[in-house]
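Asker: Got a structure for you, final06.txt, holding compact mmCIF, C-alpha atoms.
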# COMPACT_ATOMS: atom_id res chain seq x y z
CA MET Z 1245 23.96 19.04 20.67
CA ALA Z 1246 27.01 17.22 22.07
CA GLY Z 1247 28.29 14.22 20.19
CA LYS Z 1248 28.01 11.97 23.24
CA ARG Z 1249 24.29 12.45 23.64
CA SER Z 1250 22.08 9.43 23.09
CA VAL Z 1251 20.19 9.10 19.84
CA GLU Z 1252 16.97 9.87 21.71
CA GLN Z 1253 18.46 13.09 23.08
CA GLN Z 1254 19.75 14.08 19.66
CA LEU Z 1255 16.36 13.54 18.09
CA ALA Z 1256 14.64 15.49 20.87
CA ALA Z 1257 17.07 18.38 20.34
CA LEU Z 1258 16.32 18.33 16.61
CA ASP Z 1259 12.61 18.43 17.35
CA GLU Z 1260 13.18 21.53 19.45
CA LEU Z 1261 14.73 23.25 16.46
CA ARG Z 1262 11.35 23.15 14.71
CA HIS Z 1263 10.16 25.85 17.10
CA GLN Z 1264 13.03 28.22 16.33
CA ALA Z 1265 13.61 30.67 13.52
CA PRO Z 1266 15.30 28.99 10.53
CA GLU Z 1267 18.41 31.17 10.77
CA ALA Z 1268 18.91 30.05 14.39
CA CYS Z 1269 19.01 26.41 13.22
CA ILE Z 1270 21.87 26.75 10.76
CA GLU Z 1271 24.79 26.13 13.11
CA PRO Z 1272 23.16 23.30 15.11
CA LEU Z 1273 22.18 21.54 11.87
CA ARG Z 1274 25.64 22.07 10.40
CA LYS Z 1275 27.06 20.09 13.34
CA VAL Z 1276 24.44 17.34 13.20
CA LEU Z 1277 25.03 16.71 9.49
CA ALA Z 1278 28.56 15.61 10.44
CA TYR Z 1279 27.27 12.95 12.89
CA ARG Z 1280 27.79 9.26 12.27
CA ASN Z 1281 24.27 8.07 13.11
CA ASN Z 1282 22.40 7.79 9.82
CA TYR Z 1283 18.95 8.18 11.34
CA VAL Z 1284 19.88 11.39 13.17
CA VAL Z 1285 21.48 12.81 10.02
CA ALA Z 1286 18.35 11.91 8.06
CA LYS Z 1287 16.20 13.89 10.47
CA ALA Z 1288 18.58 16.84 10.24
CA ALA Z 1289 18.47 16.71 6.44
CA ASP Z 1290 14.67 16.78 6.58
CA LEU Z 1291 14.85 19.98 8.62
CA VAL Z 1292 17.30 21.54 6.19
CA ARG Z 1293 14.86 20.75 3.39
CA GLU Z 1294 11.87 22.01 5.37
CA PHE Z 1295 13.59 25.30 6.26
CA ARG Z 1296 15.20 25.53 2.79
CA LEU Z 1297 18.62 26.31 4.25
CA SER Z 1298 20.56 26.46 0.99
CA GLY Z 1299 23.65 27.67 2.85
CA LEU Z 1300 24.07 24.13 4.18
CA MET Z 1301 24.45 22.65 0.68
CA PRO Z 1302 28.18 21.88 1.22
CA GLU Z 1303 27.38 19.96 4.41
CA LEU Z 1304 24.61 18.03 2.67
CA LEU Z 1305 26.97 17.06 -0.14
CA ALA Z 1306 29.71 16.01 2.29
CA ALA Z 1307 27.28 13.87 4.28
CA PHE Z 1308 25.85 12.31 1.12
CA ASP Z 1309 29.35 11.33 0.01
CA ARG Z 1310 30.24 9.98 3.46
CA PHE Z 1311 27.35 7.53 3.64
CA PHE Z 1312 28.40 5.79 0.43
CA ALA Z 1313 31.48 4.48 2.24
CA ASN Z 1314 30.75 1.01 3.64
CA PRO Z 1315 27.04 1.84 3.24
CA ILE Z 1316 25.56 -1.31 4.76
CA LYS Z 1317 27.29 -0.46 8.02
CA THR Z 1318 27.16 3.34 7.95
CA ASP Z 1319 23.69 3.79 6.41
CA PRO Z 1320 21.46 0.73 6.80
CA GLN Z 1321 18.11 1.10 4.99
CA CYS Z 1322 19.59 4.15 3.20
CA TRP Z 1323 17.87 6.45 5.67
CA ALA Z 1324 20.54 9.15 5.45
CA LYS Z 1325 21.07 8.99 1.68
CA ASN Z 1326 17.31 9.11 1.06
CA ALA Z 1327 16.81 12.22 3.19
CA LEU Z 1328 19.97 13.89 1.93
CA SER Z 1329 19.02 13.33 -1.71
CA ARG Z 1330 15.56 14.79 -1.08
CA ALA Z 1331 17.11 17.83 0.56
CA LEU Z 1332 19.62 18.32 -2.25
CA ALA Z 1333 16.85 18.11 -4.84
CA ALA Z 1334 14.63 20.55 -2.92
CA LEU Z 1335 17.51 23.02 -2.67
CA ASP Z 1336 18.02 22.78 -6.45
CA CYS Z 1337 21.40 21.09 -6.51
CA GLN Z 1338 22.52 21.28 -10.13
CA ASP Z 1339 25.40 18.79 -10.08
CA SER Z 1340 24.13 15.78 -12.02
CA ARG Z 1341 27.05 13.71 -10.77
CA VAL Z 1342 25.53 13.73 -7.29
CA PHE Z 1343 22.23 12.24 -8.43
CA LEU Z 1344 23.82 9.88 -10.94
CA ARG Z 1345 25.68 8.33 -8.03
CA GLY Z 1346 22.41 7.70 -6.24
CA LEU Z 1347 20.75 6.59 -9.47
CA ARG Z 1348 23.26 3.76 -9.84
CA HIS Z 1349 23.44 2.71 -6.20
CA ILE Z 1350 22.34 -0.78 -5.20
CA GLN Z 1351 22.55 -1.68 -1.51
CA LEU Z 1352 22.07 -5.38 -0.80
CA GLU Z 1353 21.44 -5.88 2.90
CA PRO Z 1354 21.05 -9.23 4.66
CA VAL Z 1355 17.50 -10.38 5.34
CA TRP Z 1356 15.97 -13.71 6.30
CA GLY Z 1357 16.78 -16.11 3.49
CA GLY Z 1358 19.13 -13.87 1.51
CA VAL Z 1359 19.62 -10.21 0.72
CA SER Z 1360 17.36 -7.28 -0.16
CA ASP Z 1361 18.11 -4.09 -2.09
CA THR Z 1362 17.29 -1.13 0.18
CA ALA Z 1363 18.29 1.61 -2.28
CA GLY Z 1364 15.14 1.67 -4.43
CA THR Z 1365 13.79 4.87 -2.90
CA LEU Z 1366 17.17 6.52 -3.39
CA ARG Z 1367 17.27 5.60 -7.09
CA GLY Z 1368 13.73 6.88 -7.61
CA THR Z 1369 14.43 10.17 -5.82
CA CYS Z 1370 17.60 10.71 -7.81
CA ALA Z 1371 15.84 9.95 -11.09
CA LEU Z 1372 13.34 12.74 -10.47
CA ALA Z 1373 16.06 15.10 -9.21
CA LEU Z 1374 18.17 14.49 -12.29
CA VAL Z 1375 15.48 16.06 -14.48
CA GLY Z 1376 16.18 19.40 -12.84
CA CYS Z 1377 19.93 19.30 -13.53
CA ARG Z 1378 20.70 21.76 -16.30
CA ASP Z 1379 24.16 20.36 -16.95
CA LEU Z 1380 22.68 17.41 -18.87
CA LEU Z 1381 21.44 17.44 -22.45
CA GLU Z 1382 18.02 15.88 -22.98
CA ASN Z 1383 19.36 12.87 -24.85
CA GLU Z 1384 21.84 12.20 -22.04
CA LEU Z 1385 19.11 12.47 -19.43
CA LEU Z 1386 16.77 10.11 -21.28
CA ALA Z 1387 19.60 7.62 -21.75
CA TYR Z 1388 20.09 7.46 -17.98
CA LEU Z 1389 16.36 7.18 -17.30
CA ILE Z 1390 15.92 4.38 -19.84
CA GLU Z 1391 18.19 2.21 -17.71
CA LEU Z 1392 15.83 2.59 -14.74
CA LEU Z 1393 12.82 1.47 -16.79
CA THR Z 1394 14.16 -2.07 -16.35
CA ASP Z 1395 15.03 -1.73 -12.65
CA LYS Z 1396 14.10 -4.78 -10.55
CA ASP Z 1397 12.21 -2.54 -8.10
CA LYS Z 1398 8.71 -1.71 -9.34
CA SER Z 1399 8.61 1.58 -7.43
CA VAL Z 1400 11.83 2.67 -9.15
CA ARG Z 1401 10.34 1.91 -12.56
CA VAL Z 1402 7.30 4.02 -11.68
CA GLU Z 1403 9.51 6.94 -10.60
CA ALA Z 1404 11.58 6.57 -13.77
CA VAL Z 1405 8.40 6.88 -15.86
CA ARG Z 1406 7.41 9.98 -13.89
CA ALA Z 1407 10.85 11.44 -14.47
CA VAL Z 1408 10.52 10.85 -18.22
CA GLU Z 1409 7.13 12.58 -18.11
CA GLN Z 1410 8.75 15.58 -16.42
CA VAL Z 1411 11.18 15.85 -19.32
CA GLY Z 1412 8.03 16.73 -21.23
CA SER Z 1413 9.35 16.57 -24.78
CA ARG Z 1414 8.11 14.74 -27.86
CA SER Z 1415 11.02 12.32 -27.48
CA ALA Z 1416 9.96 11.62 -23.89
CA ALA Z 1417 6.38 10.95 -25.00
CA LEU Z 1418 7.56 8.54 -27.70
CA LEU Z 1419 9.68 6.70 -25.15
CA LEU Z 1420 6.64 6.26 -22.91
CA ARG Z 1421 4.55 5.10 -25.87
CA LEU Z 1422 7.14 2.45 -26.64
CA ARG Z 1423 7.20 1.31 -23.01
CA ALA Z 1424 3.40 1.10 -22.97
CA ILE Z 1425 3.28 -0.94 -26.18
CA LEU Z 1426 5.81 -3.44 -24.84
CA ALA Z 1427 3.38 -3.90 -21.94
CA ASP Z 1428 5.49 -6.47 -20.06
CA ASP Z 1429 5.29 -4.85 -16.63
CA GLU Z 1430 3.21 -4.32 -13.51
CA PRO Z 1431 -0.10 -2.46 -13.95
CA GLU Z 1432 1.14 0.45 -11.81
CA VAL Z 1433 4.10 1.01 -14.15
CA LEU Z 1434 1.94 0.85 -17.24
CA GLY Z 1435 -0.55 3.20 -15.59
CA ALA Z 1436 2.25 5.68 -15.00
CA CYS Z 1437 3.11 5.41 -18.71
CA TYR Z 1438 -0.48 6.10 -19.77
CA SER Z 1439 -0.72 9.08 -17.41
CA GLY Z 1440 2.68 10.33 -18.53
CA ILE Z 1441 1.70 10.28 -22.19
CA LEU Z 1442 -1.47 12.20 -21.42
CA GLY Z 1443 0.53 14.57 -19.25
CA ILE Z 1444 2.80 15.42 -22.15
CA GLU Z 1445 0.45 15.21 -25.13
CA GLY Z 1446 -2.86 16.12 -23.48
CA THR Z 1447 -6.34 15.30 -24.75
CA PRO Z 1448 -5.24 14.37 -28.32
CA ALA Z 1449 -3.58 11.25 -26.85
CA ILE Z 1450 -6.88 9.80 -25.58
CA PRO Z 1451 -7.68 7.78 -28.76
CA TRP Z 1452 -4.21 6.20 -28.59
CA ILE Z 1453 -4.50 5.38 -24.87
CA SER Z 1454 -7.99 3.97 -25.46
CA ARG Z 1455 -6.53 0.97 -27.28
CA PHE Z 1456 -5.41 -0.35 -23.88
CA LEU Z 1457 -9.01 -0.48 -22.63
CA ALA Z 1458 -9.72 -3.46 -24.84
CA THR Z 1459 -8.16 -6.10 -22.58
CA ALA Z 1460 -10.49 -5.52 -19.60
CA ASN Z 1461 -7.72 -6.39 -17.12
CA GLU Z 1462 -5.71 -4.50 -14.50
CA PRO Z 1463 -3.58 -2.58 -17.03
CA ALA Z 1464 -6.82 -1.63 -18.79
CA ALA Z 1465 -8.16 -0.34 -15.47
CA GLU Z 1466 -5.03 1.81 -15.17
CA ALA Z 1467 -5.66 3.12 -18.68
CA ALA Z 1468 -9.25 3.99 -17.75
CA LEU Z 1469 -8.12 5.94 -14.69
CA ALA Z 1470 -5.44 7.72 -16.71
CA ILE Z 1471 -8.01 8.81 -19.28
CA ALA Z 1472 -10.34 9.93 -16.50
CA GLY Z 1473 -7.57 12.18 -15.19
CA ASP Z 1474 -7.78 14.26 -18.37
CA ARG Z 1475 -11.22 15.45 -17.21
CA SER Z 1476 -12.36 16.39 -20.69
CA PRO Z 1477 -15.48 15.65 -22.78
CA GLN Z 1478 -13.29 13.42 -24.94
CA ALA Z 1479 -12.31 11.41 -21.84
CA PHE Z 1480 -15.97 10.81 -21.00
CA ASP Z 1481 -16.78 9.89 -24.60
CA ALA Z 1482 -14.00 7.27 -24.75
CA LEU Z 1483 -14.94 5.68 -21.43
CA HIS Z 1484 -18.66 5.79 -22.15
CA LYS Z 1485 -18.17 4.12 -25.54
CA ARG Z 1486 -16.10 1.35 -23.97
CA PHE Z 1487 -18.70 0.85 -21.21
CA LEU Z 1488 -21.44 0.27 -23.77
CA GLU Z 1489 -19.32 -2.47 -25.37
CA GLU Z 1490 -18.20 -4.24 -22.19
CA GLY Z 1491 -19.82 -7.36 -20.71
CA ASP Z 1492 -17.53 -8.11 -17.79
CA PRO Z 1493 -19.11 -6.89 -14.51
CA TRP Z 1494 -15.77 -6.05 -12.87
CA PHE Z 1495 -14.50 -3.96 -15.74
CA ARG Z 1496 -17.87 -2.25 -16.14
CA SER Z 1497 -17.58 -1.08 -12.52
CA VAL Z 1498 -14.04 0.16 -13.22
CA LEU Z 1499 -15.31 2.12 -16.20
CA LEU Z 1500 -18.15 3.63 -14.16
CA SER Z 1501 -15.65 4.77 -11.54
CA ALA Z 1502 -13.47 6.31 -14.24
CA ILE Z 1503 -16.48 8.01 -15.82
CA ALA Z 1504 -17.35 9.59 -12.47
CA LEU Z 1505 -13.77 10.83 -12.07
CA THR Z 1506 -13.95 12.78 -15.36
CA ARG Z 1507 -16.24 15.20 -13.46
CA GLN Z 1508 -17.99 16.09 -16.69
CA GLN Z 1509 -21.63 17.14 -16.61
CA ALA Z 1510 -22.40 14.48 -19.21
CA ALA Z 1511 -20.78 11.89 -16.96
CA HIS Z 1512 -22.90 12.92 -13.97
CA ASP Z 1513 -26.05 12.87 -16.09
CA PHE Z 1514 -25.22 9.40 -17.43
CA LEU Z 1515 -24.55 7.92 -13.98
CA LEU Z 1516 -27.60 9.54 -12.42
CA ASP Z 1517 -29.72 8.26 -15.28
CA LEU Z 1518 -28.57 4.70 -14.50
CA VAL Z 1519 -29.88 5.25 -10.99
CA ARG Z 1520 -33.09 6.95 -12.13
CA THR Z 1521 -33.97 4.07 -14.48
CA GLU Z 1522 -33.03 1.48 -11.81
CA SER Z 1523 -30.59 -0.07 -14.25
CA VAL Z 1524 -28.73 -3.27 -13.39
CA HIS Z 1525 -25.73 -0.94 -13.07
CA ALA Z 1526 -27.49 1.42 -10.65
CA GLU Z 1527 -25.68 0.27 -7.49
CA ALA Z 1528 -22.29 0.43 -9.21
CA ALA Z 1529 -23.18 3.91 -10.45
CA ILE Z 1530 -24.06 5.00 -6.91
CA GLU Z 1531 -20.72 3.75 -5.61
CA ALA Z 1532 -18.84 5.41 -8.48
CA ILE Z 1533 -20.51 8.76 -7.81
CA LEU Z 1534 -19.87 8.65 -4.08
CA ARG Z 1535 -16.21 7.71 -4.53
CA SER Z 1536 -15.59 10.64 -6.87
CA ALA Z 1537 -15.94 13.34 -4.18
CA PRO Z 1538 -19.13 14.73 -5.77
CA SER Z 1539 -20.47 18.22 -5.18
CA PRO Z 1540 -23.30 18.77 -2.68
CA GLU Z 1541 -25.62 19.35 -5.65
CA ILE Z 1542 -24.86 15.90 -7.10
CA ILE Z 1543 -25.31 14.29 -3.66
CA THR Z 1544 -28.73 15.96 -3.35
CA ARG Z 1545 -29.82 14.78 -6.77
CA LEU Z 1546 -28.65 11.25 -5.96
CA GLU Z 1547 -30.48 11.23 -2.63
CA GLU Z 1548 -33.70 12.25 -4.36
CA LEU Z 1549 -33.36 9.41 -6.88
CA VAL Z 1550 -32.56 6.62 -4.39
CA ALA Z 1551 -35.40 7.68 -2.10
CA LYS Z 1552 -37.78 6.10 -4.61
CA ASP Z 1553 -36.32 2.58 -4.23
CA GLU Z 1554 -35.49 0.83 -0.94
CA ARG Z 1555 -32.75 -1.32 -2.48
CA LEU Z 1556 -30.97 1.68 -3.94
CA ALA Z 1557 -31.46 3.68 -0.74
CA GLN Z 1558 -29.74 0.89 1.19
CA ALA Z 1559 -26.89 0.80 -1.34
CA PHE Z 1560 -26.50 4.57 -1.04
CA ALA Z 1561 -26.34 4.36 2.77
CA LYS Z 1562 -23.86 1.46 2.65
CA TYR Z 1563 -21.44 3.10 0.24
CA ARG Z 1564 -21.68 6.51 1.88
CA LYS Z 1565 -20.83 4.99 5.25
CA ALA Z 1566 -17.94 2.98 3.80
CA ILE Z 1567 -16.46 6.00 2.05
CA SER Z 1568 -16.93 8.58 4.81
Using structure tokens, write down the structure from this file.

Answerer:
Amino acid sequence: MAGKRSVEQQLAALDELRHQAPEACIEPLRKVLAYRNNYVVAKAADLVREFRLSGLMPELLAAFDRFFANPIKTDPQCWAKNALSRALAALDCQDSRVFLRGLRHIQLEPVWGGVSDTAGTLRGTCALALVGCRDLLENELLAYLIELLTDKDKSVRVEAVRAVEQVGSRSAALLLRLRAILADDEPEVLGACYSGILGIEGTPAIPWISRFLATANEPAAEAALAIAGDRSPQAFDALHKRFLEEGDPWFRSVLLSAIALTRQQAAHDFLLDLVRTESVHAEAAIEAILRSAPSPEIITRLEELVAKDERLAQAFAKYRKAIS
């Protein structure tokens, strides 16, 4: 893969490597990782990660370091640093200094009307990778991740929450509880907090998470989906109780969707009973069931129930077509 080849030729040569044995790719990829073109290096790093060529760790580290020099010029959009950081994480790089560098990197590139930070993906990747670095004590790790919980990029904040969840300790759970209580953030970030708390603490956290169902807004919808992800009888009980209290049509439909996603037998029976009794919530129940990837048995039971009512049969056909 000569250095004077066009980018298109370089990319085509990399694509050819996918059809070779991994050991035959080591030397070609070693050379490509030294190239100047950030996009070509990114594709090479992806192959190193895919083939798990840990012997190329030194070349990955050298390339990662190189693209921090004059980064707007050498690595626009952070293509190389993003791919290199993913490869380093996949190959279990244990040097926290590498990922801390990416964690702190902000790359303001010119756009129409000003500048835009293109390093958000890099910071999020490095946050998750940092959790696997055994040279950091837990309190040090959490201190670094706390900083990212206030990052201007929403996606970075979400990844920071996921990284805290991966820490998995009681301290990590308490940090996520605090972040959830403060509540001044996008619904997706708060949803990641709710899911993270349940991921660490399990089913016993459902009563605490249920407090966030009271507001019947987008963060409450995220809380409902987080609870549904526990897939336990307690999850169904909490969502069912809230449904019986709720008057807002939009939030009732959210709760029905969450109830379906618990995949509990009691949840299926409840939703099917709404259809059987031709409840005012029957159409929403049909949609919730169909969107939950139900078993063939549940589909058959639902088909039998809607066959008795033309309106419900039409709703079933409409939602099944939209989802399929």

Asker: Please return, as an MDAnalysis selection string, all polymer residues that have at least one atom within 10 Å of the point (15.6, 12.9, -13.6); use all atoms listed in the file and the file's own coordinate frame.

Answerer: chainID Z and resid 1340 1343:1344 1347 1367:1377 1380 1385:1386 1388:1389 1403:1411

Asker: How would the residues just picked look written out with C-alpha atoms as a PDB file, in the coordinates of the input?

Answerer:
ATOM      1  CA  SER Z1340      24.130  15.780 -12.020  1.00  0.00           C
ATOM      2  CA  PHE Z1343      22.230  12.240  -8.430  1.00  0.00           C
ATOM      3  CA  LEU Z1344      23.820   9.880 -10.940  1.00  0.00           C
ATOM      4  CA  LEU Z1347      20.750   6.590  -9.470  1.00  0.00           C
ATOM      5  CA  ARG Z1367      17.270   5.600  -7.090  1.00  0.00           C
ATOM      6  CA  GLY Z1368      13.730   6.880  -7.610  1.00  0.00           C
ATOM      7  CA  THR Z1369      14.430  10.170  -5.820  1.00  0.00           C
ATOM      8  CA  CYS Z1370      17.600  10.710  -7.810  1.00  0.00           C
ATOM      9  CA  ALA Z1371      15.840   9.950 -11.090  1.00  0.00           C
ATOM     10  CA  LEU Z1372      13.340  12.740 -10.470  1.00  0.00           C
ATOM     11  CA  ALA Z1373      16.060  15.100  -9.210  1.00  0.00           C
ATOM     12  CA  LEU Z1374      18.170  14.490 -12.290  1.00  0.00           C
ATOM     13  CA  VAL Z1375      15.480  16.060 -14.480  1.00  0.00           C
ATOM     14  CA  GLY Z1376      16.180  19.400 -12.840  1.00  0.00           C
ATOM     15  CA  CYS Z1377      19.930  19.300 -13.530  1.00  0.00           C
ATOM     16  CA  LEU Z1380      22.680  17.410 -18.870  1.00  0.00           C
ATOM     17  CA  LEU Z1385      19.110  12.470 -19.430  1.00  0.00           C
ATOM     18  CA  LEU Z1386      16.770  10.110 -21.280  1.00  0.00           C
ATOM     19  CA  TYR Z1388      20.090   7.460 -17.980  1.00  0.00           C
ATOM     20  CA  LEU Z1389      16.360   7.180 -17.300  1.00  0.00           C
ATOM     21  CA  GLU Z1403       9.510   6.940 -10.600  1.00  0.00           C
ATOM     22  CA  ALA Z1404      11.580   6.570 -13.770  1.00  0.00           C
ATOM     23  CA  VAL Z1405       8.400   6.880 -15.860  1.00  0.00           C
ATOM     24  CA  ARG Z1406       7.410   9.980 -13.890  1.00  0.00           C
ATOM     25  CA  ALA Z1407      10.850  11.440 -14.470  1.00  0.00           C
ATOM     26  CA  VAL Z1408      10.520  10.850 -18.220  1.00  0.00           C
ATOM     27  CA  GLU Z1409       7.130  12.580 -18.110  1.00  0.00           C
ATOM     28  CA  GLN Z1410       8.750  15.580 -16.420  1.00  0.00           C
ATOM     29  CA  VAL Z1411      11.180  15.850 -19.320  1.00  0.00           C
TER      30      VAL Z1411
END

Asker: Give me the residues near Z:Ala1551 as a tab-separated table (two decimals) with C-alpha atoms, in the frame of the given file, where near means some atom within 12 Å (using only C-alpha atoms) and where sequence neighbours in that chain fewer than 6 positions away do not count.

Answerer:
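Ended up saving to around_2.tsv:
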chain	number	residue	atom	x	y	z
Z	1519	VAL	CA	-29.88	5.25	-10.99
Z	1520	ARG	CA	-33.09	6.95	-12.13
Z	1522	GLU	CA	-33.03	1.48	-11.81
Z	1544	THR	CA	-28.73	15.96	-3.35
Z	1545	ARG	CA	-29.82	14.78	-6.77
Z	1557	ALA	CA	-31.46	3.68	-0.74
Z	1558	GLN	CA	-29.74	0.89	1.19
Z	1559	ALA	CA	-26.89	0.80	-1.34
Z	1560	PHE	CA	-26.50	4.57	-1.04
Z	1561	ALA	CA	-26.34	4.36	2.77

Asker: Which one of Z:Gly1440, Z:Pro1302, Z:Pro1266, Z:Pro1451 sits closest to Z:Phe1480 if you count all atoms listed in the file?

Answerer: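 Selected residue with least distance to Z:Phe1480: Z:Pro1451.
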
Asker: By how many Å are atom CA of Z:Val1433 and atom CA of Z:Arg1421 apart?

Answerer: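 Between atom CA of Z:Val1433 and atom CA of Z:Arg1421 the gap works out to 12.4 Å.
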
Asker: So how many Å separate atom CA of Z:Leu1393 and atom CA of Z:Glu1445, to one decimal?

Answerer: 20.3 Å

Asker: Let me know the centre plus edge lengths, in Å and rounded to one decimal, of a box with edges along x, y and z that contains all listed atoms of stretch 1484-1490 of chain Z and is padded by 4 Å on every side, as lines of an AutoDock Vina configuration file.

Answerer:
center_x = -18.8
center_y = 0.8
center_z = -23.4
size_x = 13.3
size_y = 18.0
size_z = 12.3

Asker: Counting all atoms listed in the file, which residue out of Z:Phe1295, Z:Ala1465, Z:Leu1515, Z:Ser1454 sits closest to Z:Gln1264?

Answerer: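 Ranked by minimum distance to Z:Gln1264, first place goes to Z:Phe1295.
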
Asker: My list of candidates is Z:Ile1453, Z:Ala1460, Z:Lys1562, Z:His1512. Which is closest to Z:Leu1546 when distances are computed with all atoms listed in the file?

Answerer: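 Among Z:Ile1453, Z:Ala1460, Z:Lys1562, Z:His1512, it is Z:His1512 that comes nearest to Z:Leu1546.
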
Asker: My list of candidates is Z:Ser1298, Z:Thr1365, Z:Ser1497, Z:Asn1314. Which is closest to Z:Arg1348 when distances are computed with all atoms listed in the file?

Answerer: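 Counting all atoms listed in the file, the residue closest to Z:Arg1348 is Z:Thr1365.
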
Asker: Have a look at atom CA of Z:Val1524 and atom CA of Z:Asp1474 and let me know their distance in Å, one decimal.

Answerer: 27.8 Å

Asker: Which of these residues is nearest to Z:Thr1447, using all atoms listed in the file: Z:Arg1293, Z:Arg1414, Z:Arg1475, Z:Arg1341?

Answerer: Z:Arg1475

Asker: For Z:Ala1467, work out the shell of residues within 8 Å, counting only C-alpha atoms and skipping chain neighbours fewer than 3 positions away, then give it as a list in words.

Answerer: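 Neighbouring residues, sequence-local ones excluded: Gly1435, Tyr1438, Ser1439, Ile1453, Ser1454, Phe1456, Leu1457, Pro1463, Ala1464, Ala1470 and Ile1471 of chain Z.
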
Asker: Restrict the selected residues to C-alpha atoms and save them as an mmCIF file, in the coordinates of the input.

Answerer:
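selection.cif was written with the following content:
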data_model
loop_
_atom_site.group_PDB
_atom_site.id
_atom_site.type_symbol
_atom_site.label_atom_id
_atom_site.label_comp_id
_atom_site.auth_asym_id
_atom_site.auth_seq_id
_atom_site.Cartn_x
_atom_site.Cartn_y
_atom_site.Cartn_z
ATOM 1 C CA GLY Z 1435 -0.550 3.200 -15.590
ATOM 2 C CA TYR Z 1438 -0.480 6.100 -19.770
ATOM 3 C CA SER Z 1439 -0.720 9.080 -17.410
ATOM 4 C CA ILE Z 1453 -4.500 5.380 -24.870
ATOM 5 C CA SER Z 1454 -7.990 3.970 -25.460
ATOM 6 C CA PHE Z 1456 -5.410 -0.350 -23.880
ATOM 7 C CA LEU Z 1457 -9.010 -0.480 -22.630
ATOM 8 C CA PRO Z 1463 -3.580 -2.580 -17.030
ATOM 9 C CA ALA Z 1464 -6.820 -1.630 -18.790
ATOM 10 C CA ALA Z 1470 -5.440 7.720 -16.710
ATOM 11 C CA ILE Z 1471 -8.010 8.810 -19.280
#

Asker: Hey, which of Z:Gly1446, Z:Pro1315, Z:Gly1357, Z:Gly1346 ends up closest to Z:Ser1329? Count all atoms listed in the file.

Answerer: Z:Gly1346
